[in-house]
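Comments concern the structure below.
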Amino acid sequence: MKYRIASILFLIFGWSFAQEKDPDLFTLDASFFYGTVLEHNPDIQHLITDHPTGLILSYNKKTYGFKEWESRYNYPDWGFSFIYQNMKTETLGENYGLYAHYNFYFLNRNLNLRIAQGIAYNTNPYDKIDNFRNNAYGSDVLSSTYLMFNYRKENIFKGFGLQAGVAVIHYSNANFRAPNTSTNTFAFNVGANYLLDYGKEPEFIENTDETDYKEKIKYNIAFRTGINESDIVDMGQFPFYIISGYADKRLNRKSAIQLGTDIFFSKFLEELIYFYSVAYPERNISGDEDWKRVGVFVGHELFINKMSFLTQLGYYVYYPYDFEGRIYNRIGLKRYFGEKIFGAITLKSHGAKAEAVEFGVGIRL
């Protein structure tokens with residue numbers, strides 16, 4: 001009898017354990033798109049000659065709430081995608097991009113917003129002799145971001161589904177090398193998706209975590225660096241260094257607010273000041289102006305599992321040389337390694353004009 005009871009208990013607990021295991025379901029999708037390059041800057045008007053076309057291929061990991069954070073964001077997908085885009089002008093060539101992305105769902109999971117960040121390869125970047133008209137892409141390796149908003153239905157018939165909507169695809173090297181006018185493509189897309197192991201979908205697990213994520217004020221120190229160039233072609237690439245100190249206050253599971261200071265050491269700016277002092281005497285630049293800057297900023301951090309999305313808005317309080325205005329902004333991703341150490345990749349810009357891609361590390365105390 002005791003062996004029969006043990007067997008029953010084993011089956012019950014074994015079944016319960018199986019129900020708690022993430023089934024690791026994935027979807028594959030493919031979309032064709034057709035669009036237009038937006039004239040965000042009159043300097044690229046000569047590059048807009050036809051309607052670009054392309055293909056988006058994606059691999060998506062489904063979530064069902066087996067991890068606490070998943071239910072708080074309505075069970076998003078995460079995955080990787082590939083974009084091929086024919087810019088439909090010989091000057092711009094073609095782009096091939098690889099991305100990491102999240103898919104967020106709305107309205108009973110019928111509407112899908114994808115946010116993706118990655119790198120792209122351009123086949124015909126600027127060359128002062130062979131391709132001087134391409135003032136959009138100064139290098140063959142580009143930073144790329146795309147947003148896609150679709151009506152999406154999965155598993156309509158034996159795992160197959162459909163999606164259609166709009167997308168915006170951005171390419172820029174973030175002033176890694178001049179020129180860097182960049183492009184933005186607005187496109188319509190239509191495609192199909194397939195859910196692997198479609199017969200094994202579990203029920204969504206509701207969040208039952210009642211943890212209070214509020215924290216006392218924490219103090220952060222971050223160091224960022226990279227290479228960039230001014231808008232003067234062939235002036236050269238120079239390193240920059242940024243030291244940041246800020247306080248943050250965790251408000252809840254998703255959000256924290258920040259207040260801090262940045263100190264900027266941008267060598268390209270030192271070279272630009274010297275160049276203007278020699279080449280354009282009518283600007284009344286002596287060449288002795290200080291190229292260092294100090295800013296104060298406020299920010300917000302959105303936590304998604306071990307990743308977080310960072311937005312900051314700053315103002316230069318020490319600004320001896322006028323370059324692109326006193327207001328700057330920063331957006332990017334952070335990845336926590338344990339409770340205190342983090343890495344970050346961020347884009348610093350003045351409005352829509354990028355200054356640099358920053359690679360950073362920091363500690364939260």
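Note on naming: chains are A, B, ... as they come in the structure tokens, residues start from 1 per chain, ligands start from 1 in the order shown.
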
For the strand (DSSP E) assignment from backbone DSSP, which residues of segment 110-310 of chain A qualify? Please present them as number ranges by chain.
A: 111-122, 141-157, 160-172, 183-195, 218-228, 238-250, 255-266, 292-304, 307-310

Please, which residues in segment 77-163 of chain A fall within 12 Å of segment 319-342 of chain A when counting only C-alpha atoms, and what is the closest atom pair and distance in Å to one decimal for each, ordered by chain then residue number, as JSON lines?
{"residue": "A:Ala100", "atom": "CA", "partner": "A:Leu333", "partner_atom": "CA", "distance": 11.6}
{"residue": "A:His101", "atom": "CA", "partner": "A:Leu333", "partner_atom": "CA", "distance": 11.9}
{"residue": "A:Ala116", "atom": "CA", "partner": "A:Leu333", "partner_atom": "CA", "distance": 11.4}
{"residue": "A:Gln117", "atom": "CA", "partner": "A:Gly332", "partner_atom": "CA", "distance": 9.6}
{"residue": "A:Gly118", "atom": "CA", "partner": "A:Leu333", "partner_atom": "CA", "distance": 11.7}
{"residue": "A:Thr145", "atom": "CA", "partner": "A:Gly332", "partner_atom": "CA", "distance": 11.2}

Hey, can you spit out that residue selection with all heavy atoms as an mmCIF file, in the first residue's frame?
data_model
loop_
_atom_site.group_PDB
_atom_site.id
_atom_site.type_symbol
_atom_site.label_atom_id
_atom_site.label_comp_id
_atom_site.auth_asym_id
_atom_site.auth_seq_id
_atom_site.Cartn_x
_atom_site.Cartn_y
_atom_site.Cartn_z
ATOM 1 N N ALA A 100 18.960 42.345 -31.675
ATOM 2 C CA ALA A 100 18.264 41.734 -30.546
ATOM 3 C C ALA A 100 16.989 42.538 -30.320
ATOM 4 O O ALA A 100 16.994 43.768 -30.470
ATOM 5 C CB ALA A 100 19.141 41.751 -29.296
ATOM 6 N N HIS A 101 15.901 41.869 -29.971
ATOM 7 C CA HIS A 101 14.637 42.602 -29.857
ATOM 8 C C HIS A 101 13.733 42.037 -28.773
ATOM 9 O O HIS A 101 13.899 40.905 -28.300
ATOM 10 C CB HIS A 101 13.892 42.601 -31.201
ATOM 11 C CG HIS A 101 13.393 41.247 -31.635
ATOM 12 N ND1 HIS A 101 13.923 40.569 -32.699
ATOM 13 C CD2 HIS A 101 12.416 40.431 -31.138
ATOM 14 C CE1 HIS A 101 13.293 39.416 -32.851
ATOM 15 N NE2 HIS A 101 12.381 39.313 -31.907
ATOM 16 N N ALA A 116 13.910 46.985 -31.401
ATOM 17 C CA ALA A 116 15.103 46.221 -31.763
ATOM 18 C C ALA A 116 16.313 47.131 -31.897
ATOM 19 O O ALA A 116 16.211 48.258 -32.390
ATOM 20 C CB ALA A 116 14.879 45.477 -33.078
ATOM 21 N N GLN A 117 17.462 46.626 -31.467
ATOM 22 C CA GLN A 117 18.724 47.347 -31.568
ATOM 23 C C GLN A 117 19.793 46.389 -32.079
ATOM 24 O O GLN A 117 19.873 45.247 -31.635
ATOM 25 C CB GLN A 117 19.141 47.913 -30.215
ATOM 26 C CG GLN A 117 20.468 48.661 -30.210
ATOM 27 C CD GLN A 117 20.436 49.915 -31.075
ATOM 28 O OE1 GLN A 117 19.495 50.698 -30.986
ATOM 29 N NE2 GLN A 117 21.444 50.093 -31.909
ATOM 30 N N GLY A 118 20.629 46.891 -33.009
ATOM 31 C CA GLY A 118 21.675 46.030 -33.536
ATOM 32 C C GLY A 118 22.686 46.796 -34.361
ATOM 33 O O GLY A 118 22.837 48.011 -34.239
ATOM 34 N N THR A 145 18.560 50.773 -35.425
ATOM 35 C CA THR A 145 17.412 50.558 -34.544
ATOM 36 C C THR A 145 16.175 50.441 -35.407
ATOM 37 O O THR A 145 16.062 51.135 -36.429
ATOM 38 C CB THR A 145 17.238 51.742 -33.573
ATOM 39 O OG1 THR A 145 18.431 51.932 -32.830
ATOM 40 C CG2 THR A 145 16.078 51.512 -32.621
#

With a distance cut-off of 12 Å and only C-alpha atoms, select the neighbouring residues of segment 347-355 of chain A, excluding the residue or stretch itself and same-chain residues fewer than 6 positions from it, and output the selection as a PyMOL selection string.
chain A and resi 40-41+117+143-145+170-184+224-231+240+242+262+264+266+268-269+309-316+323-334

Two-atom distance - atom CA of Pro281 of chain A, atom CA of Pro42 of chain A (Å)
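Between atom CA of Pro281 of chain A and atom CA of Pro42 of chain A the gap is 27.5 Å.
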
Looking at A:Gly54, A:Pro239, A:Gly97, A:Gly295, which one is nearest to Val190 of chain A, with distances taken over only C-alpha atoms?
A:Gly54

Residues near Asn110 of chain A, cut-off 6 Å, only C-alpha atoms, skip fewer than 3 positions along chain, as a list in words:
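In the requested format, the answer is Leu107, Tyr151 and Arg152 of chain A.
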
Leaving out Ile217 of chain A and any residue of its chain fewer than 2 positions from it, which residues lie within 9 Å of it when counting only C-alpha atoms, given as an mmCIF file with N, CA, C and O atoms, in the first residue's frame?
data_model
loop_
_atom_site.group_PDB
_atom_site.id
_atom_site.type_symbol
_atom_site.label_atom_id
_atom_site.label_comp_id
_atom_site.auth_asym_id
_atom_site.auth_seq_id
_atom_site.Cartn_x
_atom_site.Cartn_y
_atom_site.Cartn_z
ATOM 1 N N GLU A 215 13.520 51.124 -2.780
ATOM 2 C CA GLU A 215 14.835 51.111 -2.156
ATOM 3 C C GLU A 215 15.194 52.497 -1.651
ATOM 4 O O GLU A 215 14.632 53.503 -2.094
ATOM 5 N N TYR A 219 23.866 55.189 -4.857
ATOM 6 C CA TYR A 219 24.825 56.066 -5.531
ATOM 7 C C TYR A 219 25.602 55.266 -6.571
ATOM 8 O O TYR A 219 26.033 54.132 -6.321
ATOM 9 N N ALA A 247 22.801 59.744 -8.332
ATOM 10 C CA ALA A 247 21.986 59.050 -7.340
ATOM 11 C C ALA A 247 20.723 58.547 -8.014
ATOM 12 O O ALA A 247 20.194 59.194 -8.926
ATOM 13 N N ASP A 248 20.260 57.375 -7.589
ATOM 14 C CA ASP A 248 18.988 56.885 -8.114
ATOM 15 C C ASP A 248 18.097 56.408 -6.974
ATOM 16 O O ASP A 248 18.575 56.003 -5.910
ATOM 17 N N LYS A 249 16.816 56.459 -7.227
ATOM 18 C CA LYS A 249 15.808 56.051 -6.257
ATOM 19 C C LYS A 249 14.870 55.059 -6.925
ATOM 20 O O LYS A 249 14.148 55.406 -7.872
ATOM 21 N N ARG A 250 14.910 53.800 -6.479
ATOM 22 C CA ARG A 250 14.026 52.767 -7.012
ATOM 23 C C ARG A 250 12.622 52.990 -6.473
ATOM 24 O O ARG A 250 12.404 53.007 -5.251
#

Tell me, which residues of segment 149-340 of chain A carry DSSP alpha helix (DSSP H), written as a list in words?
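Listing alpha helix (DSSP H) positions across segment 149-340 of chain A yields Lys267, Phe268, Leu269, Glu270, Glu271, Leu272, Ile273, Tyr274, Phe275, Tyr276, Ser277, Val278 and Ala279 of chain A.
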
Keeping only N, CA, C and O atoms, write the selected residues to a file as a CSV table (one decimal), in the first residue's frame.
chain,number,residue,atom,x,y,z
A,267,LYS,N,38.1,64.6,-27.2
A,267,LYS,CA,39.2,65.1,-27.9
A,267,LYS,C,38.9,65.6,-29.3
A,267,LYS,O,39.6,66.5,-29.8
A,268,PHE,N,37.8,65.1,-29.9
A,268,PHE,CA,37.4,65.6,-31.2
A,268,PHE,C,37.1,67.0,-31.2
A,268,PHE,O,37.3,67.8,-32.1
A,269,LEU,N,36.5,67.5,-30.0
A,269,LEU,CA,36.1,68.9,-29.9
A,269,LEU,C,37.4,69.8,-29.8
A,269,LEU,O,37.4,70.9,-30.3
A,270,GLU,N,38.4,69.3,-29.1
A,270,GLU,CA,39.7,70.0,-29.1
A,270,GLU,C,40.2,70.2,-30.5
A,270,GLU,O,40.6,71.4,-30.8
A,271,GLU,N,40.2,69.2,-31.3
A,271,GLU,CA,40.7,69.3,-32.7
A,271,GLU,C,39.8,70.2,-33.5
A,271,GLU,O,40.2,71.0,-34.4
A,272,LEU,N,38.4,70.2,-33.3
A,272,LEU,CA,37.5,71.0,-34.0
A,272,LEU,C,37.7,72.5,-33.7
A,272,LEU,O,37.7,73.3,-34.6
A,273,ILE,N,37.9,72.8,-32.4
A,273,ILE,CA,38.2,74.2,-32.1
A,273,ILE,C,39.5,74.7,-32.8
A,273,ILE,O,39.5,75.8,-33.3
A,274,TYR,N,40.5,73.9,-32.8
A,274,TYR,CA,41.8,74.3,-33.4
A,274,TYR,C,41.6,74.5,-34.9
A,274,TYR,O,42.1,75.5,-35.5
A,275,PHE,N,40.8,73.6,-35.5
A,275,PHE,CA,40.5,73.7,-37.0
A,275,PHE,C,39.8,75.0,-37.3
A,275,PHE,O,40.2,75.7,-38.3
A,276,TYR,N,38.8,75.3,-36.6
A,276,TYR,CA,38.0,76.5,-36.9
A,276,TYR,C,38.9,77.8,-36.6
A,276,TYR,O,38.7,78.8,-37.3
A,277,SER,N,39.7,77.7,-35.6
A,277,SER,CA,40.6,78.9,-35.3
A,277,SER,C,41.6,79.2,-36.5
A,277,SER,O,41.9,80.3,-36.7
A,278,VAL,N,42.0,78.1,-37.2
A,278,VAL,CA,42.9,78.3,-38.3
A,278,VAL,C,42.2,78.5,-39.6
A,278,VAL,O,42.6,79.4,-40.4
A,279,ALA,N,41.2,77.7,-39.9
A,279,ALA,CA,40.5,77.7,-41.2
A,279,ALA,C,39.5,78.8,-41.4
A,279,ALA,O,39.2,79.2,-42.5
